[in-house]
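What follows is the content of start.txt, which has compact mmCIF, C-alpha atoms and all ligand atoms:
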# COMPACT_ATOMS: atom_id res chain seq x y z
CA MET A 51 -0.24 1.21 16.25
CA ASN A 52 -3.74 0.26 15.32
CA ASP A 53 -5.92 -2.81 15.28
CA ILE A 54 -7.63 -3.17 11.93
CA LEU A 55 -11.08 -4.39 12.95
CA PRO A 56 -13.23 -6.82 10.94
CA GLY A 57 -15.48 -4.36 9.04
CA VAL A 58 -12.51 -2.17 8.10
CA ALA A 59 -10.27 -5.13 7.30
CA ASN A 60 -12.87 -6.14 4.76
CA THR A 61 -12.32 -2.89 2.86
CA TRP A 62 -8.55 -3.34 3.17
CA ARG A 63 -8.69 -6.81 1.69
CA TYR A 64 -10.92 -5.65 -1.15
CA LEU A 65 -8.65 -2.72 -2.05
CA GLU A 66 -5.52 -4.84 -1.74
CA SER A 67 -6.98 -7.45 -4.05
CA VAL A 68 -7.91 -4.84 -6.67
CA VAL A 69 -4.42 -3.33 -6.55
CA GLN A 70 -2.74 -6.75 -6.68
CA ASP A 71 -4.85 -7.73 -9.71
CA ILE A 72 -3.89 -4.53 -11.51
CA VAL A 73 -0.14 -4.79 -10.93
CA GLN A 74 -0.12 -8.52 -11.75
CA SER A 75 -1.88 -7.66 -15.02
CA TYR A 76 1.08 -5.37 -15.86
CA GLY A 77 3.50 -8.25 -15.25
CA TYR A 78 4.71 -7.41 -11.72
CA GLU A 79 5.41 -10.39 -9.47
CA GLU A 80 5.16 -10.67 -5.72
CA ILE A 81 8.21 -10.82 -3.48
CA ARG A 82 7.81 -11.33 0.30
CA LEU A 83 10.45 -9.79 2.50
CA PRO A 84 11.43 -9.91 6.17
CA ILE A 85 10.24 -7.19 8.51
CA LEU A 86 13.64 -7.01 10.26
CA GLU A 87 16.85 -6.02 8.52
CA ASP A 88 20.33 -4.96 9.57
CA THR A 89 20.15 -1.36 10.76
CA ASP A 90 23.00 -0.54 8.45
CA LEU A 91 20.88 -1.30 5.37
CA PHE A 92 18.52 1.56 6.16
CA LYS A 93 21.28 3.94 7.18
CA ARG A 94 23.06 3.40 3.90
CA SER A 95 19.98 3.54 1.69
CA ILE A 96 17.64 6.08 3.24
CA GLY A 97 20.57 8.23 4.40
CA GLU A 98 22.02 9.04 7.83
CA VAL A 99 20.79 12.63 7.78
CA THR A 100 17.09 12.02 7.23
CA ASP A 101 14.15 12.20 9.62
CA ILE A 102 13.58 8.46 9.24
CA VAL A 103 17.10 7.39 10.21
CA GLU A 104 17.76 10.14 12.74
CA LYS A 105 14.49 10.03 14.62
CA GLU A 106 12.08 7.38 13.53
CA MET A 107 13.57 3.91 13.41
CA TYR A 108 12.70 1.11 15.83
CA THR A 109 16.21 -0.19 16.36
CA PHE A 110 17.41 -2.76 18.89
CA GLU A 111 20.19 -5.23 19.48
CA ASP A 112 19.43 -8.92 19.17
CA ARG A 113 20.84 -11.53 21.55
CA ASN A 114 24.01 -11.62 19.52
CA GLY A 115 24.57 -7.87 19.79
CA GLU A 116 23.65 -7.22 16.15
CA SER A 117 21.75 -4.01 15.49
CA LEU A 118 18.44 -4.74 13.80
CA THR A 119 15.67 -2.41 12.69
CA LEU A 120 11.96 -2.89 12.05
CA ARG A 121 11.74 -1.80 8.43
CA PRO A 122 10.59 1.81 7.99
CA GLU A 123 10.05 1.19 4.25
CA ALA A 124 10.54 -1.62 1.74
CA THR A 125 12.65 -0.29 -1.13
CA ALA A 126 15.96 -0.91 0.66
CA SER A 127 14.89 -4.49 1.35
CA VAL A 128 13.89 -5.05 -2.27
CA ALA A 129 17.32 -3.86 -3.43
CA ARG A 130 19.02 -6.01 -0.77
CA ALA A 131 16.93 -9.07 -1.68
CA GLY A 132 17.60 -8.53 -5.38
CA MET A 133 21.33 -8.56 -4.69
CA THR A 134 21.52 -11.38 -2.17
CA ASN A 135 19.36 -13.68 -4.31
CA GLY A 136 21.07 -12.92 -7.62
CA LEU A 137 17.88 -11.48 -9.14
CA LEU A 138 19.64 -8.53 -10.71
CA HIS A 139 22.40 -10.32 -12.57
CA ASN A 140 21.66 -9.86 -16.31
CA GLN A 141 17.98 -9.70 -15.43
CA LYS A 142 15.26 -7.16 -15.08
CA GLN A 143 12.68 -7.43 -12.32
CA LYS A 144 9.21 -6.02 -11.92
CA LEU A 145 8.17 -6.73 -8.33
CA TRP A 146 5.50 -5.88 -5.80
CA THR A 147 5.43 -6.39 -2.08
CA SER A 148 3.24 -5.24 0.78
CA GLY A 149 3.06 -5.25 4.53
CA PRO A 150 3.65 -3.32 7.73
CA MET A 151 6.31 -0.61 8.07
CA PHE A 152 7.39 1.09 11.30
CA ARG A 153 8.33 4.70 11.97
CA TYR A 154 8.46 6.37 15.35
CA GLU A 155 6.50 9.42 14.23
CA LYS A 156 4.11 11.67 16.09
CA PRO A 157 0.86 9.76 15.57
CA GLN A 158 -1.95 11.77 14.00
CA LYS A 159 -4.67 11.21 11.43
CA GLY A 160 -3.05 9.46 8.47
CA ARG A 161 0.33 9.10 10.22
CA TYR A 162 0.95 6.04 12.35
CA ARG A 163 3.86 4.19 13.93
CA GLN A 164 2.89 0.91 12.35
CA PHE A 165 1.44 1.61 8.92
CA HIS A 166 1.14 -0.46 5.77
CA GLN A 167 2.47 0.01 2.30
CA PHE A 168 1.85 -1.55 -1.05
CA ASN A 169 5.14 -1.26 -2.99
CA VAL A 170 5.96 -1.68 -6.64
CA GLU A 171 9.60 -1.74 -7.73
CA ALA A 172 11.14 -2.17 -11.20
CA LEU A 173 14.87 -2.95 -11.32
CA GLY A 174 17.12 -3.01 -14.37
CA TYR A 175 15.15 -0.49 -16.47
CA ASP A 176 16.69 2.90 -17.21
CA GLY A 177 14.34 4.66 -19.65
CA PRO A 178 11.49 7.02 -18.80
CA ASP A 179 9.06 4.45 -20.20
CA ILE A 180 9.06 2.40 -17.00
CA ASP A 181 8.63 5.56 -14.90
CA ALA A 182 5.59 6.29 -17.07
CA GLU A 183 4.27 2.75 -16.76
CA LEU A 184 4.46 2.85 -12.98
CA ILE A 185 2.54 6.12 -12.89
CA ILE A 186 -0.03 5.04 -15.49
CA MET A 187 -0.58 1.87 -13.46
CA SER A 188 -1.33 3.91 -10.34
CA ALA A 189 -3.70 6.15 -12.34
CA ARG A 190 -5.56 2.99 -13.37
CA MET A 191 -6.07 2.09 -9.71
CA TRP A 192 -7.75 5.42 -8.95
CA GLN A 193 -9.89 5.09 -12.03
CA ARG A 194 -10.94 1.50 -11.31
CA LEU A 195 -11.95 2.43 -7.77
CA GLY A 196 -13.71 5.70 -8.56
CA ILE A 197 -11.12 7.71 -6.63
CA GLY A 198 -11.10 11.37 -7.73
CA LYS A 199 -9.76 14.11 -5.44
CA ILE A 200 -6.15 13.19 -6.23
CA ARG A 201 -3.44 14.96 -8.23
CA LEU A 202 -0.01 13.98 -9.45
CA GLU A 203 3.13 16.03 -8.80
CA ILE A 204 6.42 15.17 -10.48
CA ASN A 205 9.96 16.48 -10.38
CA SER A 206 13.46 15.46 -11.40
CA LEU A 207 16.40 15.38 -9.00
CA GLY A 208 19.02 14.77 -11.69
CA VAL A 209 22.11 12.61 -11.24
CA PRO A 210 24.74 12.89 -8.47
CA GLU A 211 26.92 15.32 -10.50
CA SER A 212 24.11 17.75 -11.22
CA ARG A 213 22.92 17.39 -7.65
CA ALA A 214 26.41 18.31 -6.41
CA ARG A 215 26.18 21.60 -8.32
CA TYR A 216 22.70 22.17 -6.94
CA ARG A 217 23.97 21.36 -3.45
CA GLU A 218 26.55 24.12 -3.78
CA ALA A 219 23.88 26.57 -4.84
CA LEU A 220 21.73 25.56 -1.87
CA VAL A 221 24.58 25.89 0.61
CA GLY A 222 25.28 29.37 -0.82
CA TYR A 223 21.65 30.38 -0.51
CA PHE A 224 20.95 28.92 2.95
CA SER A 225 24.25 30.24 4.35
CA GLY A 226 23.06 33.71 3.37
CA VAL A 227 19.92 33.28 5.51
CA LYS A 228 21.55 31.18 8.22
CA ASN A 229 20.23 33.34 11.05
CA ARG A 230 16.68 32.43 10.04
CA LEU A 231 17.25 28.66 9.89
CA ASP A 232 16.02 26.31 12.61
CA GLU A 233 18.39 24.02 14.51
CA ASP A 234 17.78 20.97 12.29
CA SER A 235 18.41 22.98 9.15
CA ILE A 236 21.64 24.51 10.45
CA ARG A 237 22.95 21.01 11.11
CA ARG A 238 21.78 19.84 7.68
CA LEU A 239 23.38 22.80 5.95
CA GLU A 240 26.75 21.08 6.16
CA GLN A 241 25.71 17.44 6.06
CA ASN A 242 22.75 17.28 3.69
CA PRO A 243 21.39 20.67 2.58
CA LEU A 244 18.77 19.06 0.28
CA ARG A 245 17.01 17.77 3.39
CA ILE A 246 16.35 21.36 4.48
CA LEU A 247 13.86 21.51 1.61
CA ASP A 248 12.02 18.61 3.20
CA SER A 249 11.56 20.42 6.54
CA LYS A 250 8.05 20.30 7.94
CA ASN A 251 8.63 23.33 10.18
CA PRO A 252 6.07 25.99 9.09
CA ASP A 253 8.51 28.78 10.04
CA MET A 254 10.96 27.50 7.43
CA GLN A 255 8.53 27.43 4.52
CA GLU A 256 9.05 30.99 3.32
CA ILE A 257 12.83 30.55 3.15
CA ILE A 258 12.42 27.20 1.40
CA GLN A 259 10.03 28.67 -1.17
CA ALA A 260 12.68 31.18 -2.22
CA ALA A 261 15.51 28.63 -2.51
CA PRO A 262 17.05 27.69 -5.88
CA VAL A 263 15.30 24.77 -7.60
CA MET A 264 16.90 21.56 -8.85
CA LEU A 265 15.32 21.80 -12.31
CA ASP A 266 17.62 24.76 -13.08
CA TYR A 267 20.69 22.59 -12.40
CA LEU A 268 19.71 19.42 -14.26
CA ASP A 269 22.20 17.70 -16.58
CA ASP A 270 21.17 17.25 -20.23
CA GLU A 271 20.40 13.56 -19.92
CA SER A 272 18.15 14.10 -16.94
CA VAL A 273 16.37 16.88 -18.82
CA GLU A 274 15.82 14.45 -21.67
CA HIS A 275 14.64 11.68 -19.33
CA PHE A 276 12.20 14.06 -17.66
CA ALA A 277 10.91 15.30 -21.03
CA GLY A 278 10.43 11.66 -22.10
CA LEU A 279 8.36 10.94 -19.01
CA LYS A 280 6.23 14.04 -19.44
CA ALA A 281 5.56 13.21 -23.10
CA LEU A 282 4.47 9.65 -22.23
CA LEU A 283 2.17 10.89 -19.46
CA ASP A 284 0.66 13.47 -21.82
CA ALA A 285 0.12 10.82 -24.48
CA ALA A 286 -1.54 8.54 -21.91
CA GLY A 287 -3.82 11.35 -20.75
CA VAL A 288 -2.50 11.34 -17.17
CA PRO A 289 -2.51 14.94 -15.93
CA PHE A 290 0.41 16.07 -13.77
CA GLU A 291 1.94 19.18 -12.29
CA VAL A 292 5.69 19.78 -12.18
CA ASN A 293 6.56 20.72 -8.60
CA PRO A 294 10.22 21.83 -8.63
CA ARG A 295 10.27 21.70 -4.81
CA LEU A 296 9.32 18.07 -4.50
CA VAL A 297 12.41 16.41 -2.98
CA ARG A 298 11.06 13.42 -0.99
CA GLY A 299 12.34 12.41 2.44
CA LEU A 300 14.77 9.64 1.47
CA ASP A 301 18.26 10.13 0.04
CA TYR A 302 18.37 7.36 -2.54
CA TYR A 303 16.41 9.16 -5.25
CA SER A 304 17.80 10.32 -8.57
CA ARG A 305 15.99 11.79 -11.58
CA THR A 306 12.23 11.16 -11.41
CA VAL A 307 10.32 11.67 -8.16
CA PHE A 308 6.55 11.87 -7.84
CA GLU A 309 3.69 11.97 -5.38
CA TRP A 310 -0.03 11.42 -5.71
CA ILE A 311 -1.54 13.95 -3.33
CA THR A 312 -5.04 14.47 -2.02
CA ASP A 313 -6.59 17.39 -0.15
CA ALA A 314 -9.40 15.16 1.11
CA LEU A 315 -7.54 13.78 4.15
CA GLY A 316 -6.23 16.86 5.92
CA SER A 317 -2.53 17.44 6.30
CA GLN A 318 -1.30 13.90 5.47
CA GLY A 319 -2.00 14.21 1.76
CA ALA A 320 0.62 11.95 0.11
CA VAL A 321 -1.15 8.72 -0.74
CA CYS A 322 1.32 7.13 -3.15
CA SER A 323 4.88 8.29 -3.66
CA GLY A 324 8.06 7.17 -5.27
CA GLY A 325 10.74 7.74 -7.81
CA ARG A 326 13.93 6.54 -9.36
CA TYR A 327 16.85 5.21 -7.28
CA ASP A 328 19.48 4.42 -9.90
CA GLY A 329 22.37 4.56 -7.44
CA LEU A 330 21.00 2.45 -4.60
CA VAL A 331 22.02 -1.08 -5.58
CA GLU A 332 25.56 0.04 -6.33
CA LYS A 333 25.73 1.93 -3.06
CA LEU A 334 24.77 -1.27 -1.27
CA GLY A 335 27.66 -3.08 -2.94
CA GLY A 336 25.94 -4.50 -6.01
CA ARG A 337 26.41 -3.82 -9.68
CA ALA A 338 24.99 -0.48 -10.93
CA THR A 339 21.29 -1.16 -11.53
CA PRO A 340 18.78 1.49 -12.55
CA ALA A 341 15.55 1.20 -10.58
CA VAL A 342 12.28 2.97 -9.92
CA GLY A 343 9.19 2.34 -7.83
CA TRP A 344 6.44 3.68 -5.63
CA ALA A 345 4.77 2.90 -2.36
CA MET A 346 1.17 3.50 -1.41
CA GLY A 347 0.17 4.10 2.18
CA ILE A 348 -2.73 1.70 2.64
CA GLU A 349 -4.30 3.56 5.59
CA ARG A 350 -4.46 6.74 3.50
CA PHE A 351 -5.62 4.81 0.44
CA VAL A 352 -8.51 3.26 2.40
CA ALA A 353 -9.42 6.65 3.90
CA LEU A 354 -9.39 8.30 0.47
CA TYR A 355 -11.47 5.52 -1.06
CA GLU A 356 -14.07 6.06 1.66
CA ALA A 357 -13.88 9.85 1.30
CA CYS A 358 -14.71 9.34 -2.38
CA GLY A 359 -17.82 7.34 -1.45
CA GLY A 360 -16.27 3.93 -2.06
CA GLU A 361 -17.68 0.85 -0.39
CA SER A 362 -16.38 -2.68 -0.30
CA PRO A 363 -18.46 -5.69 -1.28
CA LEU A 364 -19.97 -7.15 1.89
CA THR A 365 -19.05 -10.69 2.78
CA VAL A 366 -22.34 -11.96 4.15
CA PRO A 367 -23.35 -15.63 4.07
CA ASP A 368 -25.58 -16.88 1.28
CA VAL A 369 -27.19 -19.45 3.55
CA TYR A 370 -27.42 -19.98 7.30
CA ILE A 371 -28.10 -23.56 8.36
CA ALA A 372 -30.27 -24.15 11.41
CA ALA A 373 -30.62 -27.69 12.78
CA LEU A 374 -33.19 -28.78 15.35
CA GLY A 375 -33.64 -32.14 17.02
CA GLU A 376 -32.02 -35.52 17.30
CA GLY A 377 -29.35 -36.33 14.70
CA THR A 378 -29.89 -33.18 12.69
CA GLN A 379 -26.68 -31.38 13.54
CA ALA A 380 -24.33 -34.04 12.16
CA ARG A 381 -26.40 -34.21 8.97
CA ALA A 382 -26.40 -30.41 8.73
CA PHE A 383 -22.60 -30.36 8.96
CA ALA A 384 -22.33 -32.92 6.16
CA LEU A 385 -24.81 -30.94 4.10
CA ALA A 386 -22.82 -27.74 4.55
CA GLU A 387 -19.71 -29.49 3.24
CA GLU A 388 -21.67 -30.90 0.27
CA LEU A 389 -22.90 -27.42 -0.62
CA ARG A 390 -19.36 -26.03 -0.36
CA ASP A 391 -18.25 -28.80 -2.75
CA GLN A 392 -21.08 -28.42 -5.21
CA VAL A 393 -22.05 -24.74 -5.38
CA ALA A 394 -19.11 -22.65 -6.55
CA GLY A 395 -18.29 -19.72 -4.28
CA ILE A 396 -21.21 -20.33 -1.90
CA ARG A 397 -20.83 -18.89 1.60
CA VAL A 398 -22.39 -21.19 4.17
CA GLU A 399 -22.64 -20.39 7.85
CA MET A 400 -23.59 -23.09 10.34
CA ASN A 401 -25.58 -22.43 13.45
CA LEU A 402 -23.21 -23.24 16.29
CA GLY A 403 -24.08 -23.79 19.91
CA GLY A 404 -27.59 -25.20 19.39
CA GLY A 405 -30.53 -23.16 20.63
CA SER A 406 -34.28 -23.06 20.17
CA PHE A 407 -35.85 -22.58 16.75
CA LYS A 408 -36.51 -18.96 17.64
CA SER A 409 -32.95 -18.19 18.72
CA GLN A 410 -31.44 -19.95 15.70
CA MET A 411 -33.67 -17.93 13.36
CA LYS A 412 -32.71 -14.75 15.19
CA ARG A 413 -29.02 -15.53 14.56
CA ALA A 414 -29.79 -16.41 10.93
CA ASP A 415 -31.39 -13.03 10.49
CA LYS A 416 -28.51 -11.23 12.22
CA SER A 417 -25.99 -12.93 9.93
CA SER A 418 -27.55 -11.06 6.98
CA ALA A 419 -27.75 -14.34 5.04
CA ALA A 420 -30.05 -14.40 2.06
CA TYR A 421 -31.59 -17.75 3.05
CA ALA A 422 -32.00 -19.95 6.08
CA LEU A 423 -31.89 -23.70 5.61
CA ILE A 424 -33.90 -25.40 8.33
CA LEU A 425 -33.29 -29.02 9.09
CA GLY A 426 -35.68 -30.56 11.63
CA GLU A 427 -36.23 -34.20 12.58
CA GLN A 428 -39.30 -34.47 10.40
CA GLU A 429 -37.61 -32.96 7.32
CA LEU A 430 -34.63 -35.20 7.86
CA SER A 431 -36.79 -38.34 7.98
CA GLN A 432 -38.22 -37.35 4.59
CA ASP A 433 -34.80 -36.36 3.14
CA ARG A 434 -36.03 -32.82 2.75
CA ILE A 435 -35.06 -29.39 4.13
CA GLY A 436 -36.83 -26.06 4.60
CA LEU A 437 -35.52 -23.13 2.54
CA LYS A 438 -36.62 -19.78 3.95
CA PRO A 439 -35.84 -16.52 2.16
CA LEU A 440 -34.77 -14.02 4.82
CA ARG A 441 -34.55 -10.85 2.73
CA SER A 442 -37.89 -11.07 0.91
CA GLY A 443 -41.41 -11.85 2.02
CA ASP A 444 -41.42 -15.06 -0.06
CA GLU A 445 -42.81 -18.24 1.47
CA GLN A 446 -40.65 -20.99 2.91
CA GLU A 447 -40.24 -23.95 0.52
CA SER A 448 -39.57 -27.59 1.20
CA ILE A 449 -36.75 -28.94 -0.99
CA ALA A 450 -35.57 -32.53 -1.51
CA LEU A 451 -32.02 -32.79 -0.17
CA ASP A 452 -30.92 -34.29 -3.49
CA ASP A 453 -32.08 -31.17 -5.32
CA LEU A 454 -30.75 -28.63 -2.82
CA ALA A 455 -27.42 -27.82 -4.50
CA ALA A 456 -29.08 -27.25 -7.88
CA VAL A 457 -31.88 -25.16 -6.40
CA LEU A 458 -29.45 -22.95 -4.50
CA GLN A 459 -27.18 -22.63 -7.50
CA GLY A 460 -30.14 -21.34 -9.47
CA LYS A 461 -31.31 -18.93 -6.78
CA LEU A 462 -27.85 -17.50 -6.08
CA SER A 463 -27.06 -16.94 -9.74
CA GLY A 464 -30.39 -15.16 -10.05
CA ALA A 465 -31.82 -17.79 -12.42
P1 LIG B 501 7.52 7.40 1.62
O1 LIG B 501 7.07 8.65 0.96
O2 LIG B 501 8.32 7.53 2.85
O3 LIG B 501 8.29 6.59 0.52
O4 LIG B 501 6.24 6.53 1.95
C1 LIG B 501 5.35 6.13 0.92
C2 LIG B 501 3.91 6.32 1.37
O5 LIG B 501 3.69 5.62 2.58
C3 LIG B 501 3.51 7.76 1.68
O6 LIG B 501 3.14 8.44 0.51
C4 LIG B 501 2.36 7.56 2.61
O7 LIG B 501 1.16 7.30 1.87
C5 LIG B 501 2.73 6.31 3.36
N1 LIG B 501 3.29 6.62 4.68
C6 LIG B 501 4.56 6.98 4.99
N2 LIG B 501 4.70 7.16 6.31
C7 LIG B 501 3.51 6.90 6.89
C8 LIG B 501 3.01 6.87 8.23
N3 LIG B 501 3.79 7.14 9.26
N4 LIG B 501 1.70 6.57 8.42
C9 LIG B 501 0.90 6.27 7.37
N5 LIG B 501 1.32 6.25 6.09
C10 LIG B 501 2.59 6.57 5.83
C11 LIG B 501 8.82 5.35 0.73
O8 LIG B 501 8.63 4.68 1.71
C12 LIG B 501 9.57 4.83 -0.47
N6 LIG B 501 10.12 3.50 -0.12
C13 LIG B 501 8.67 4.77 -1.69
C14 LIG B 501 9.35 4.19 -2.88
C15 LIG B 501 9.20 2.95 -3.38
N7 LIG B 501 10.25 4.81 -3.65
C16 LIG B 501 10.67 3.99 -4.59
N8 LIG B 501 10.04 2.84 -4.43

Turn the structure described in the file into structure tokens.
Ligand code: HAM
Amino acid sequence: MNDILPGVANTWRYLESVVQDIVQSYGYEEIRLPILEDTDLFKRSIGEVTDIVEKEMYTFEDRNGESLTLRPEATASVARAGMTNGLLHNQKQKLWTSGPMFRYEKPQKGRYRQFHQFNVEALGYDGPDIDAELIIMSARMWQRLGIGKIRLEINSLGVPESRARYREALVGYFSGVKNRLDEDSIRRLEQNPLRILDSKNPDMQEIIQAAPVMLDYLDDESVEHFAGLKALLDAAGVPFEVNPRLVRGLDYYSRTVFEWITDALGSQGAVCSGGRYDGLVEKLGGRATPAVGWAMGIERFVALYEACGGESPLTVPDVYIAALGEGTQARAFALAEELRDQVAGIRVEMNLGGGSFKSQMKRADKSSAAYALILGEQELSQDRIGLKPLRSGDEQESIALDDLAAVLQGKLSGA
């Protein structure tokens, strides 16, 4: 679990704000969800026989003996919140949410035990158009931020009936090579053979590559849905690859699944992943509600942005106020508040802790402010203040306090 330090947090906040602006502009609304949920919610949604539920959840009993879990992902909570708050009854929802998620994984670059996701979920929509919208929206984020080095893989997992036929084919195939399966896969063969395809064991990859693929077992409606999505992506100019082996690590998916993958970050290449989960709400006891969404891993997103040469706008002060001598500090405080009232968006940093003229100017310089405002006893007695440009060789000016806001407004807007 990592501390996100000030310089880095600046980039996080910038990227989060860009992403929030984009999804809000598509009509998605924020929902804020608890970090703790009943353990059962995740078991039922993500699936008992998955890496997340079997090995990675932070689960504990509360004082009342109830089993709670730190959320490993947010989709289950969105579905739960939609049901418990009556948001899905005769309504459609386009939602976003973000925050920390917890998985007890082996920490490595791009894989952490507390990580952060930005999630987008659309509930109540069944056509491929919303799948396309969600993907087009993510493509816009990369474009807006100058992120290249990323490709889109899509697949369809069909509906439960077609998946049952596929399951049989998989069991047949894997049973034939049972002596070459690892321990996890042998156990999954009976319980959840699809999860074998998700194995990260390098020794299993050859066997997995030769396994039957879901696309050959799709029902007609899923074929049509998938074709609809592909046509909309083509029309929107969003390139994609069909990867028939993309299965995702959570059990709630049906039909569309997709991942945005980069090679720029080493082995943890999935930056933004998701898909359709038409059966989840019903499985949790609600009314059948088609749904689809994605989640972006913010750590990976930030790393990719930086790998693509992205920088975040620096938040440095516009002015640094130095005050020297009797009565000047109180006036400087009042002045700072006046500037904050009168000059839209101005960033004002006060010198705190006193100090000589020299040490205050040293701090002003270190703050990277564009200007120092210097209030001494003499200036104060004349209702004036010194304005010293710190980033150019220009001379210090003396400004009437009454004119200061207007002068700064002009200078900061480049007038
Ligand atoms: P997921 O693929 O498990 O899907 O996670 C989504 C994204 O979160 C990944 O693509 C990755 O960027 C990031 N991520 C996952 N685990 C870690 C980790 N340990 N450290 C750093 N980043 C990580 C889900 O969670 C689904 N709920 C996505 C979804 C939303 N499907 C439909 N709606």

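Using all atoms listed in the file, the smallest distance between any of A:Asp253, A:Glu332, A:Glu349, A:Asp453 and A:Glu66 comes from A:Glu349.
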
Which residue, A:Tyr108, A:Tyr162, A:Tyr303, A:Phe407, has the smallest gap to ligand LIG 501 (chain B) when you use all atoms listed in the file?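 Of all the options, A:Tyr162 lies closest to ligand LIG 501 (chain B).
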
In Å to one decimal, how far is atom CA of A:Asp248 from atom CA of A:Ser317?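 These two atoms are separated by 14.9 Å.
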
Go through A:Leu244, A:Val170, A:Leu330, A:Val398 one by one, measure the shortest atom-to-atom distance of each to A:Thr365 using all atoms listed in the file, and give the residue with the smallest value.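 Ranked by minimum distance to A:Thr365, first place goes to A:Val398.
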
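One finds atom CA of A:Ile85 at 23.3 Å from atom CA of A:Val58.
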
Dump the neighbourhood of ligand LIG 501 (chain B) as a PyMOL selection string: all residues within 8 Å, distances computed on all atoms listed in the file. chain A and resi 122-126+152-155+157+160-167+169-171+298-300+303+309-310+318-327+342-351

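Across the model, the gap from atom CA of A:Pro363 to atom CA of A:Gly57 is 10.8 Å.
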
With distances taken over all atoms listed in the file, which of A:Val369, A:Leu430, A:Leu173, A:Ala129 is nearest to A:Met400?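 The shortest atom-to-atom distance to A:Met400 comes from A:Val369.
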
Of the listed residues A:Leu385, A:Leu202, A:Ile186, A:Ile246, that which approaches A:Val221 most closely, counting all atoms listed in the file: A:Ile246

Which of these residues is nearest to A:Gln432, using only C-alpha atoms: A:Glu388, A:Asp269, A:Asp452, A:Asp415?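 Result for the nearest residue to A:Gln432: A:Asp452.
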
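Neighbouring residues of A:Ala189 at 9 Å or closer, counting only C-alpha atoms and skipping chain neighbours under 5 positions away, are Leu184, Arg194 and Val288 of chain A.
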
Anything within 9 Å of (24.5, -8.7, -14.2): list those residues as a PDB file with C-alpha atoms, in the coordinates of the input, counting only C-alpha atoms and sticking to the file's coordinates.
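Final file, selection25.pdb:
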ATOM      1  CA  GLY A 136      21.070 -12.920  -7.620  1.00  0.00           C
ATOM      2  CA  LEU A 137      17.880 -11.480  -9.140  1.00  0.00           C
ATOM      3  CA  LEU A 138      19.640  -8.530 -10.710  1.00  0.00           C
ATOM      4  CA  HIS A 139      22.400 -10.320 -12.570  1.00  0.00           C
ATOM      5  CA  ASN A 140      21.660  -9.860 -16.310  1.00  0.00           C
ATOM      6  CA  GLN A 141      17.980  -9.700 -15.430  1.00  0.00           C
ATOM      7  CA  ARG A 337      26.410  -3.820  -9.680  1.00  0.00           C
ATOM      8  CA  ALA A 338      24.990  -0.480 -10.930  1.00  0.00           C
ATOM      9  CA  THR A 339      21.290  -1.160 -11.530  1.00  0.00           C
TER      10      THR A 339
END

Excluding A:Arg413 and its own-chain neighbours fewer than 5 positions away, which residues fall within 9 Å of it when counting all atoms listed in the file? Please give them as a VMD selection string. chain A and resid 370 401 408 418
